[in-house]
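The file structure.txt contains compact mmCIF, C-alpha atoms:
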# COMPACT_ATOMS: atom_id res chain seq x y z
CA MET B 1 29.65 -13.98 -27.35
CA LYS B 2 29.84 -10.36 -26.23
CA ARG B 3 26.09 -9.95 -26.80
CA ALA B 4 25.40 -12.98 -24.60
CA THR B 5 27.61 -11.53 -21.87
CA VAL B 6 25.84 -8.17 -22.02
CA PHE B 7 22.42 -9.85 -21.86
CA ALA B 8 23.44 -11.93 -18.84
CA ALA B 9 24.74 -8.84 -17.05
CA LEU B 10 21.56 -6.90 -17.75
CA SER B 11 19.41 -9.80 -16.53
CA ALA B 12 21.34 -9.82 -13.27
CA ALA B 13 20.94 -6.04 -12.96
CA VAL B 14 17.13 -5.96 -13.24
CA PRO B 15 16.36 -7.28 -9.70
CA TYR B 16 18.87 -4.80 -8.26
CA VAL B 17 17.12 -1.90 -9.98
CA ALA B 18 13.82 -2.91 -8.36
CA ALA B 19 15.27 -3.52 -4.89
CA HIS B 20 13.98 -0.44 -3.10
CA GLY B 21 11.08 0.18 -0.74
CA TYR B 22 9.02 2.49 1.43
CA LEU B 23 6.89 2.70 4.56
CA ALA B 24 3.57 1.26 3.44
CA GLN B 25 1.35 1.92 6.45
CA VAL B 26 1.38 3.14 10.04
CA SER B 27 -1.03 2.13 12.82
CA ILE B 28 -1.46 3.87 16.17
CA ASP B 29 -3.15 1.86 18.91
CA GLY B 30 -4.74 -0.32 16.22
CA LYS B 31 -5.98 2.52 13.99
CA ALA B 32 -4.35 2.11 10.56
CA TYR B 33 -3.43 4.96 8.23
CA ALA B 34 -2.57 4.53 4.56
CA GLY B 35 0.24 6.43 2.93
CA ASN B 36 0.62 7.56 -0.66
CA VAL B 37 2.69 5.78 -3.26
CA PRO B 38 5.82 7.87 -3.73
CA ASN B 39 5.19 10.56 -6.33
CA ASN B 40 1.57 9.42 -6.66
CA TYR B 41 -0.84 11.25 -4.33
CA GLN B 42 -4.06 9.33 -3.63
CA GLY B 43 -5.56 10.81 -0.47
CA PRO B 44 -5.05 12.43 2.95
CA SER B 45 -2.42 10.78 5.14
CA PRO B 46 -0.34 11.58 8.24
CA ILE B 47 2.76 10.15 6.47
CA ARG B 48 4.73 12.67 4.50
CA LEU B 49 4.89 11.99 0.78
CA VAL B 50 8.25 11.43 -0.95
CA SER B 51 9.11 11.49 -4.63
CA ASP B 52 10.62 8.02 -5.13
CA ILE B 53 10.96 4.61 -3.52
CA GLY B 54 14.73 4.82 -3.89
CA PRO B 55 17.06 5.51 -0.96
CA VAL B 56 18.62 8.70 0.28
CA LYS B 57 22.36 8.52 -0.40
CA GLY B 58 24.97 10.37 1.63
CA ALA B 59 24.90 11.41 5.28
CA SER B 60 25.00 15.12 4.35
CA ASN B 61 22.00 14.89 2.01
CA PRO B 62 19.18 17.29 3.08
CA ASP B 63 16.67 14.54 2.24
CA LEU B 64 18.05 12.52 5.16
CA ASN B 65 15.57 14.44 7.27
CA CYS B 66 12.41 12.62 6.16
CA GLY B 67 12.95 11.23 2.66
CA LEU B 68 13.38 12.18 -0.98
CA ASN B 69 11.84 15.61 -1.69
CA ALA B 70 9.46 15.07 1.22
CA GLN B 71 6.24 17.09 1.42
CA LEU B 72 4.09 18.16 4.31
CA ALA B 73 1.29 15.69 5.05
CA GLU B 74 -2.35 16.69 5.50
CA LEU B 75 -3.21 14.84 8.70
CA VAL B 76 -1.93 15.10 12.26
CA VAL B 77 -3.28 12.02 14.04
CA PRO B 78 -3.90 11.36 17.76
CA ALA B 79 -1.56 9.44 20.04
CA ASN B 80 -0.65 9.35 23.73
CA PRO B 81 2.35 8.54 25.87
CA GLY B 82 2.51 4.74 25.77
CA SER B 83 0.71 4.46 22.41
CA ALA B 84 1.79 1.56 20.19
CA VAL B 85 2.98 2.78 16.78
CA GLU B 86 3.23 0.00 14.19
CA PHE B 87 5.26 0.43 10.99
CA GLN B 88 4.65 -1.79 7.96
CA TRP B 89 7.34 -1.63 5.25
CA SER B 90 7.06 -2.81 1.66
CA GLY B 91 9.07 -3.19 -1.49
CA GLY B 92 7.93 -1.85 -4.84
CA ASP B 93 5.35 -3.49 -7.10
CA HIS B 94 3.58 -5.72 -4.52
CA GLN B 95 6.88 -7.11 -3.24
CA LYS B 96 8.04 -7.50 0.34
CA TRP B 97 10.74 -5.26 1.77
CA PRO B 98 13.86 -6.24 -0.23
CA HIS B 99 16.74 -5.86 2.27
CA ASN B 100 17.86 -7.78 5.34
CA THR B 101 21.09 -6.12 6.51
CA GLY B 102 21.25 -3.02 8.68
CA PRO B 103 19.50 -1.29 11.60
CA LEU B 104 16.04 0.11 12.26
CA MET B 105 15.92 3.34 14.28
CA THR B 106 13.10 5.56 15.51
CA TYR B 107 13.32 9.27 16.39
CA LEU B 108 10.89 11.93 17.58
CA ALA B 109 11.00 15.70 17.09
CA SER B 110 8.63 18.29 18.51
CA CYS B 111 6.93 20.55 15.99
CA GLY B 112 7.04 23.28 18.65
CA SER B 113 4.33 25.93 18.50
CA THR B 114 3.54 25.00 14.87
CA THR B 115 1.18 22.18 13.96
CA CYS B 116 3.06 19.40 12.19
CA ASP B 117 1.14 19.84 8.94
CA LYS B 118 2.86 23.25 8.65
CA PHE B 119 6.19 22.41 10.31
CA ASN B 120 9.43 22.77 8.35
CA GLY B 121 11.48 19.87 9.69
CA SER B 122 14.86 21.04 8.37
CA ASP B 123 15.79 22.41 11.81
CA ALA B 124 13.97 19.78 13.86
CA GLN B 125 15.70 18.57 17.02
CA TRP B 126 15.50 14.78 16.84
CA PHE B 127 15.92 12.43 19.79
CA LYS B 128 16.29 8.68 19.37
CA ILE B 129 13.76 6.53 21.21
CA ASP B 130 14.65 3.07 19.83
CA GLN B 131 17.18 1.15 17.76
CA ALA B 132 17.35 -2.47 16.61
CA GLY B 133 20.30 -4.14 14.90
CA LYS B 134 21.40 -7.75 14.97
CA LYS B 135 19.15 -10.32 16.62
CA PRO B 136 20.13 -10.75 20.28
CA ASN B 137 20.20 -14.55 20.10
CA ASP B 138 21.67 -14.86 16.60
CA ASP B 139 24.29 -12.33 15.53
CA SER B 140 24.36 -13.82 12.04
CA GLN B 141 20.95 -12.24 11.32
CA TRP B 142 19.54 -8.73 11.61
CA VAL B 143 16.11 -7.75 12.89
CA GLN B 144 15.63 -6.29 9.40
CA GLN B 145 15.40 -9.88 8.12
CA ASP B 146 11.98 -10.11 9.79
CA ILE B 147 10.88 -6.96 7.95
CA MET B 148 12.00 -8.67 4.73
CA ASN B 149 9.85 -11.65 5.74
CA GLY B 150 6.79 -9.36 5.90
CA ASP B 151 6.57 -8.61 9.63
CA SER B 152 5.92 -5.15 11.06
CA TYR B 153 7.85 -3.25 13.73
CA THR B 154 6.09 -1.68 16.71
CA VAL B 155 7.41 1.04 19.02
CA THR B 156 5.68 2.17 22.23
CA LEU B 157 5.93 5.94 22.69
CA PRO B 158 7.79 7.18 25.80
CA GLN B 159 5.62 7.27 28.91
CA ASN B 160 6.68 10.78 29.97
CA LEU B 161 6.39 12.37 26.51
CA PRO B 162 5.00 15.93 26.83
CA PRO B 163 1.81 16.80 24.94
CA GLY B 164 2.04 18.46 21.54
CA ASP B 165 2.66 17.78 17.87
CA TYR B 166 5.55 15.49 16.89
CA LEU B 167 7.18 14.01 13.83
CA VAL B 168 7.95 10.31 14.18
CA ARG B 169 11.00 9.51 12.04
CA HIS B 170 11.21 5.75 11.53
CA GLU B 171 14.22 4.71 9.47
CA ILE B 172 15.78 1.64 7.92
CA ILE B 173 19.43 1.78 6.87
CA ALA B 174 20.31 -0.88 4.29
CA LEU B 175 23.99 -1.80 4.61
CA HIS B 176 24.41 -4.33 1.80
CA LEU B 177 26.68 -1.84 -0.03
CA ALA B 178 28.22 -0.31 3.10
CA VAL B 179 31.56 -2.08 2.59
CA SER B 180 32.33 1.03 0.52
CA LYS B 181 32.16 4.54 1.93
CA GLY B 182 28.98 6.23 0.75
CA GLY B 183 27.32 2.90 -0.02
CA ALA B 184 24.76 2.91 2.81
CA GLU B 185 21.14 3.38 1.75
CA PHE B 186 18.91 5.46 4.04
CA TYR B 187 15.12 5.03 4.07
CA PRO B 188 13.67 7.61 6.51
CA ALA B 189 9.91 8.05 6.82
CA CYS B 190 8.04 10.65 8.89
CA THR B 191 4.55 10.49 10.43
CA GLN B 192 2.74 13.47 11.99
CA ILE B 193 1.14 12.84 15.39
CA ARG B 194 -0.53 14.89 18.15
CA VAL B 195 0.28 13.59 21.64
CA GLY B 196 -2.14 14.09 24.51
CA GLY B 197 -1.66 13.35 28.19
CA ASN B 198 0.33 15.31 30.76
CA GLY B 199 3.91 14.10 30.34
CA SER B 200 6.68 16.49 31.36
CA GLY B 201 9.92 14.90 30.19
CA LYS B 202 12.65 16.88 28.43
CA PRO B 203 14.58 14.87 25.80
CA SER B 204 18.37 14.58 25.92
CA ASP B 205 20.90 14.02 23.12
CA THR B 206 19.10 15.78 20.27
CA VAL B 207 20.53 16.02 16.73
CA THR B 208 19.58 17.48 13.36
CA PHE B 209 19.33 15.72 10.00
CA PRO B 210 21.57 16.13 8.17
CA GLY B 211 24.16 16.43 10.90
CA GLY B 212 23.35 13.40 13.04
CA TYR B 213 25.32 10.97 10.85
CA HIS B 214 28.60 11.01 8.93
CA ASP B 215 29.58 8.81 5.99
CA ASP B 216 32.56 7.41 7.90
CA ASP B 217 30.60 6.53 11.07
CA PRO B 218 31.27 2.87 11.99
CA GLY B 219 27.58 1.98 11.66
CA ILE B 220 27.33 3.55 8.18
CA PHE B 221 30.67 2.60 6.61
CA ASP B 222 31.13 -1.01 7.76
CA PRO B 223 33.65 -3.24 5.94
CA ASP B 224 32.76 -6.08 8.35
CA VAL B 225 29.00 -5.87 7.83
CA PHE B 226 28.80 -9.45 6.48
CA ASP B 227 30.95 -10.91 9.27
CA ALA B 228 28.50 -12.88 11.41
CA GLY B 229 30.66 -12.48 14.52
CA ALA B 230 31.35 -8.76 14.17
CA SER B 231 29.78 -6.32 16.60
CA TYR B 232 27.74 -3.40 15.28
CA THR B 233 27.94 0.25 16.37
CA PHE B 234 24.72 2.21 15.87
CA PRO B 235 25.14 5.59 14.19
CA GLY B 236 23.65 8.77 15.55
CA PRO B 237 23.05 9.80 19.16
CA PRO B 238 22.50 7.40 22.07
CA ILE B 239 18.98 6.47 23.11
CA SER B 240 17.41 9.50 24.75
CA ASN B 241 16.25 9.63 28.35
CA LEU B 242 12.78 9.75 26.74
CA ALA B 243 13.06 6.24 25.33
CA ALA B 244 10.45 3.91 23.90
CA ALA B 245 8.72 1.94 26.63
CA SER B 246 9.09 -1.18 24.46
CA ALA B 247 9.78 -2.08 20.84
CA GLY B 248 10.12 -5.11 18.62
CA ILE B 249 9.01 -7.20 15.69
CA THR B 250 5.25 -7.80 15.45
CA PRO B 251 3.11 -9.83 13.02
CA PRO B 252 2.18 -8.25 9.68
CA ALA B 253 -0.40 -5.49 9.96
CA SER B 254 -3.82 -7.13 10.29
CA GLU B 255 -5.72 -4.15 8.88
CA THR B 256 -5.18 -2.61 5.45
CA ALA B 257 -5.85 1.10 5.73
CA THR B 258 -7.87 3.18 3.29
CA PHE B 259 -7.78 6.93 2.74
CA PRO B 260 -10.45 9.08 4.43
CA PRO B 261 -12.84 10.97 2.15
CA GLU B 262 -11.48 14.19 0.72
CA GLY B 263 -12.28 17.03 3.11
CA ALA B 264 -13.06 14.74 6.05
CA SER B 265 -11.58 15.26 9.52
CA PRO B 266 -10.93 11.71 10.74
CA THR B 267 -10.32 10.83 14.35
CA ALA B 268 -8.26 7.97 15.70
CA SER B 269 -8.31 5.64 18.65
CA SER B 270 -5.66 6.99 21.01
CA GLY B 271 -5.25 4.69 23.95
CA SER B 272 -6.46 6.68 26.95
CA GLY B 273 -8.48 8.91 24.66
CA SER B 274 -6.94 12.17 25.84
CA ALA B 275 -5.38 13.08 22.49
CA ALA B 276 -7.18 15.56 20.26
CA SER B 277 -8.87 14.64 17.01
CA ALA B 278 -6.82 14.53 13.83
CA THR B 279 -6.09 17.82 12.12
CA HIS B 280 -6.98 17.96 8.42
CA VAL B 281 -5.58 20.33 5.79
CA ALA B 282 -7.22 20.78 2.41
CA SER B 283 -4.38 19.65 0.17
CA PRO B 284 -0.75 18.51 0.41
CA SER B 285 1.87 21.23 0.10
CA ALA B 286 5.60 21.10 -0.48
CA SER B 287 7.57 21.80 2.67
CA ALA B 288 9.49 25.04 2.73
CA GLY B 289 13.19 24.90 2.15
CA THR B 290 15.23 21.75 1.68
CA GLY B 291 15.04 18.67 3.83
CA THR B 292 11.72 19.47 5.44
CA GLY B 293 11.60 15.80 5.88
CA THR B 294 8.81 13.45 5.36
CA GLY B 295 8.44 9.83 4.71
CA ALA B 296 7.80 7.59 1.76
CA VAL B 297 4.51 5.79 2.20
CA ALA B 298 1.95 3.78 0.31
CA ALA B 299 -1.18 1.74 0.90
CA ALA B 300 -0.33 -1.90 1.53
CA GLY B 301 0.10 -3.77 -1.71
CA ALA B 302 0.08 -0.60 -3.80
CA LYS B 303 2.27 -0.57 -6.89
CA ALA B 304 5.46 1.49 -6.89
CA ARG B 305 8.47 1.21 -9.16
CA CYS B 306 11.86 2.83 -9.36
CA ARG B 307 11.41 6.07 -11.25
CA LEU B 308 13.35 6.45 -14.47
CA LYS B 309 15.80 9.32 -14.64
CA ALA B 310 15.64 11.37 -17.82
CA SER B 311 18.84 11.68 -19.83
CA THR B 312 20.39 15.14 -19.81
CA ASN B 313 20.88 14.78 -23.57
CA SER B 314 17.69 16.35 -24.90
CA SER B 315 18.36 15.16 -28.44
CA THR B 316 17.94 11.53 -27.46
CA ASN B 317 15.36 11.94 -24.64
CA VAL B 318 15.95 8.36 -23.47
CA ASN B 319 14.94 7.27 -19.95
CA ARG B 320 17.14 4.80 -18.13
CA PRO B 321 17.15 3.63 -14.47
CA ARG B 322 20.19 4.94 -12.64
CA HIS B 323 21.62 1.51 -11.80
CA TYR B 324 20.96 0.27 -15.33
CA SER B 325 22.93 3.14 -16.88
CA ARG B 326 25.86 2.69 -14.54
CA ILE B 327 26.04 -1.02 -15.24
CA MET B 328 25.77 -0.47 -18.98
CA ARG B 329 28.71 1.94 -18.95
CA ARG B 330 30.87 -0.61 -17.16
CA ILE B 331 29.83 -3.39 -19.53
CA MET B 332 30.55 -1.36 -22.63
CA GLN B 333 34.05 -0.52 -21.38
CA PHE B 334 34.94 -4.17 -21.68
CA SER B 335 32.83 -5.15 -24.73
Please go through the file and, once you have read it, give me the structure as structure tokens.
Amino acid sequence: MKRATVFAALSAAVPYVAAHGYLAQVSIDGKAYAGNVPNNYQGPSPIRLVSDIGPVKGASNPDLNCGLNAQLAELVVPANPGSAVEFQWSGGDHQKWPHNTGPLMTYLASCGSTTCDKFNGSDAQWFKIDQAGKKPNDDSQWVQQDIMNGDSYTVTLPQNLPPGDYLVRHEIIALHLAVSKGGAEFYPACTQIRVGGNGSGKPSDTVTFPGGYHDDDPGIFDPDVFDAGASYTFPGPPISNLAAASAGITPPASETATFPPEGASPTASSGSGSAASATHVASPSASAGTGTGTGAVAAAGAKARCRLKASTNSSTNVNRPRHYSRIMRRIMQFS
């Protein structure tokens, strides 16, 4: 009887272990760019590579900047004030994005006098340009439900954005475990862009990551998250004066991106055409220091699975998923 109970519990645990995801692709004014499967480099990308499709846990985690063990990306791709930036999310192993509860938020940070392919984002000054939570006409559902259904999310860059290199930090926070403090799952992803034009705005309400959130913020620790009638308070700073011109759910990405040839210097369509061509660096390099931020990405439909964590007991050398091990310990306490 106990064996049957253990088997049933493990069967229920398997989908939970696989329920993570990553930013699969980004498009700027219709030009699509593929990202790399977490911990599996395949080619040049403007999306910073992370080590795992799992979430960042804890608001003080240095990886909150741009993702788990994020690396500098090779490409800095053209954009302009008013460019449409489309984000396509995915779950692991050909699945759709697995969560439907929690906000989507988009931030920008200037790379200053450094090109973004060399910029350490740990001290980046982020300003929020967009946020989306519950659906305006149905507070029983979140906008994230549409991401789960396979749709993309598109943000129009601020019209008065000054020229220069920027990191675009697009983030989903999954709140299905946020009824407990520390339960929120953060999925930040960073894309490197070079903005043209002649904008002159100066962003307000900047924050750093970590630092912009706290584990007890109402929008991160939310005991009422499953109450259809409850209001939601977004974490982080307010929307900056340099806000997105528009944003919202869009149909699934129509183009599946491929990686440019090794050593190529690709260019991108950039709206008015005033942005410079994409910068290319020979090979990906780890960002200096901790939390240099960069996003998990992968080509649409690419396989990615939760990485197994090696046991610290070298004599057994057994690999077990983190959730699997935790569940097993609880089961065995009562077996």
Seminar exercise, completed: Counting all atoms listed in the file, closest pick from B:Ser122, B:Thr258, B:Ser180, B:Ser60 relative to Ala109 of chain B is B:Ser122
Problem set entry | Non-local contacts of Ser27 of chain B (9 Å; all atoms listed in the file; under 2 positions in same chain excluded) as a list in words |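 Residues meeting the cut-off are Gln25, Asp29, Gly30, Lys31, Ala32, Tyr33, Ala34, Ala84, Val85, Glu86, Phe87, Gln88, Thr154, Ala253, Glu255 and Ala257 of chain B.
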Could I get the residues of segment 99-169 of chain B with an atom no further than 9 Å from an atom of segment 203-226 of chain B, each paired with its nearest atom pair and that distance in Å to one decimal, using all atoms listed in the file, sorted by chain and residue number, as JSON lines?
{"residue": "B:Thr101", "atom": "CA", "partner": "B:Val225", "partner_atom": "CA", "distance": 8.0}
{"residue": "B:Gly102", "atom": "CA", "partner": "B:Val225", "partner_atom": "CA", "distance": 8.3}
{"residue": "B:Pro103", "atom": "CA", "partner": "B:Gly219", "partner_atom": "CA", "distance": 8.7}
{"residue": "B:Ala109", "atom": "CA", "partner": "B:Thr206", "partner_atom": "CA", "distance": 8.7}
{"residue": "B:Gly121", "atom": "CA", "partner": "B:Phe209", "partner_atom": "CA", "distance": 8.9}
{"residue": "B:Ser122", "atom": "CA", "partner": "B:Phe209", "partner_atom": "CA", "distance": 7.1}
{"residue": "B:Asp123", "atom": "CA", "partner": "B:Thr208", "partner_atom": "CA", "distance": 6.4}
{"residue": "B:Ala124", "atom": "CA", "partner": "B:Thr208", "partner_atom": "CA", "distance": 6.1}
{"residue": "B:Gln125", "atom": "CA", "partner": "B:Thr208", "partner_atom": "CA", "distance": 5.4}
{"residue": "B:Trp126", "atom": "CA", "partner": "B:Thr206", "partner_atom": "CA", "distance": 5.1}
{"residue": "B:Phe127", "atom": "CA", "partner": "B:Thr206", "partner_atom": "CA", "distance": 4.6}
{"residue": "B:Lys128", "atom": "CA", "partner": "B:Thr206", "partner_atom": "CA", "distance": 7.7}
{"residue": "B:Ser140", "atom": "CA", "partner": "B:Phe226", "partner_atom": "CA", "distance": 8.4}
{"residue": "B:Leu161", "atom": "CA", "partner": "B:Pro203", "partner_atom": "CA", "distance": 8.6}
The selected residues should be written to file as an mmCIF file, in the frame of the given file (atoms: C-alpha atoms).
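The file below, out-v7.cif, is the result:
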data_model
loop_
_atom_site.group_PDB
_atom_site.id
_atom_site.type_symbol
_atom_site.label_atom_id
_atom_site.label_comp_id
_atom_site.auth_asym_id
_atom_site.auth_seq_id
_atom_site.Cartn_x
_atom_site.Cartn_y
_atom_site.Cartn_z
ATOM 1 C CA THR B 101 21.090 -6.120 6.510
ATOM 2 C CA GLY B 102 21.250 -3.020 8.680
ATOM 3 C CA PRO B 103 19.500 -1.290 11.600
ATOM 4 C CA ALA B 109 11.000 15.700 17.090
ATOM 5 C CA GLY B 121 11.480 19.870 9.690
ATOM 6 C CA SER B 122 14.860 21.040 8.370
ATOM 7 C CA ASP B 123 15.790 22.410 11.810
ATOM 8 C CA ALA B 124 13.970 19.780 13.860
ATOM 9 C CA GLN B 125 15.700 18.570 17.020
ATOM 10 C CA TRP B 126 15.500 14.780 16.840
ATOM 11 C CA PHE B 127 15.920 12.430 19.790
ATOM 12 C CA LYS B 128 16.290 8.680 19.370
ATOM 13 C CA SER B 140 24.360 -13.820 12.040
ATOM 14 C CA LEU B 161 6.390 12.370 26.510
#
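Here the question is which of B:Ile193, B:Ile47, B:Leu175, B:Ala244 gets nearest to Gln159 of chain B using all atoms listed in the file, and that residue is B:Ala244.
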Problem set entry | Option closest in space to Gln192 of chain B, from B:Asp117, B:Asp227, B:Asp93, B:Asp63 [counting all atoms listed in the file] |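 With all atoms listed in the file as the atom set, the closest residue is B:Asp117.
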For this session: Point out the residue among B:Gly54, B:Gly133, B:Gly112, B:Gly21 with the least atom-to-atom distance to Pro235 of chain B, counting all atoms listed in the file.
Result: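 The answer is B:Gly133, which sits nearest to Pro235 of chain B.
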For this session: Kindly indicate which residue among B:Met148, B:Val50, B:Leu68, B:Met105 lies nearest to Ala243 of chain B, using only C-alpha atoms for the distances.
Result: B:Met105
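Coordinates place atom CA of Gly236 of chain B at a distance of 26.7 Å from atom CA of Gly35 of chain B.
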Exercise. Between atom CA of Lys57 of chain B and atom CA of Ala132 of chain B, what is the spacing in Å?
Worked result: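 Straight-line distance from atom CA of Ala132 of chain B to atom CA of Lys57 of chain B works out to 20.9 Å.
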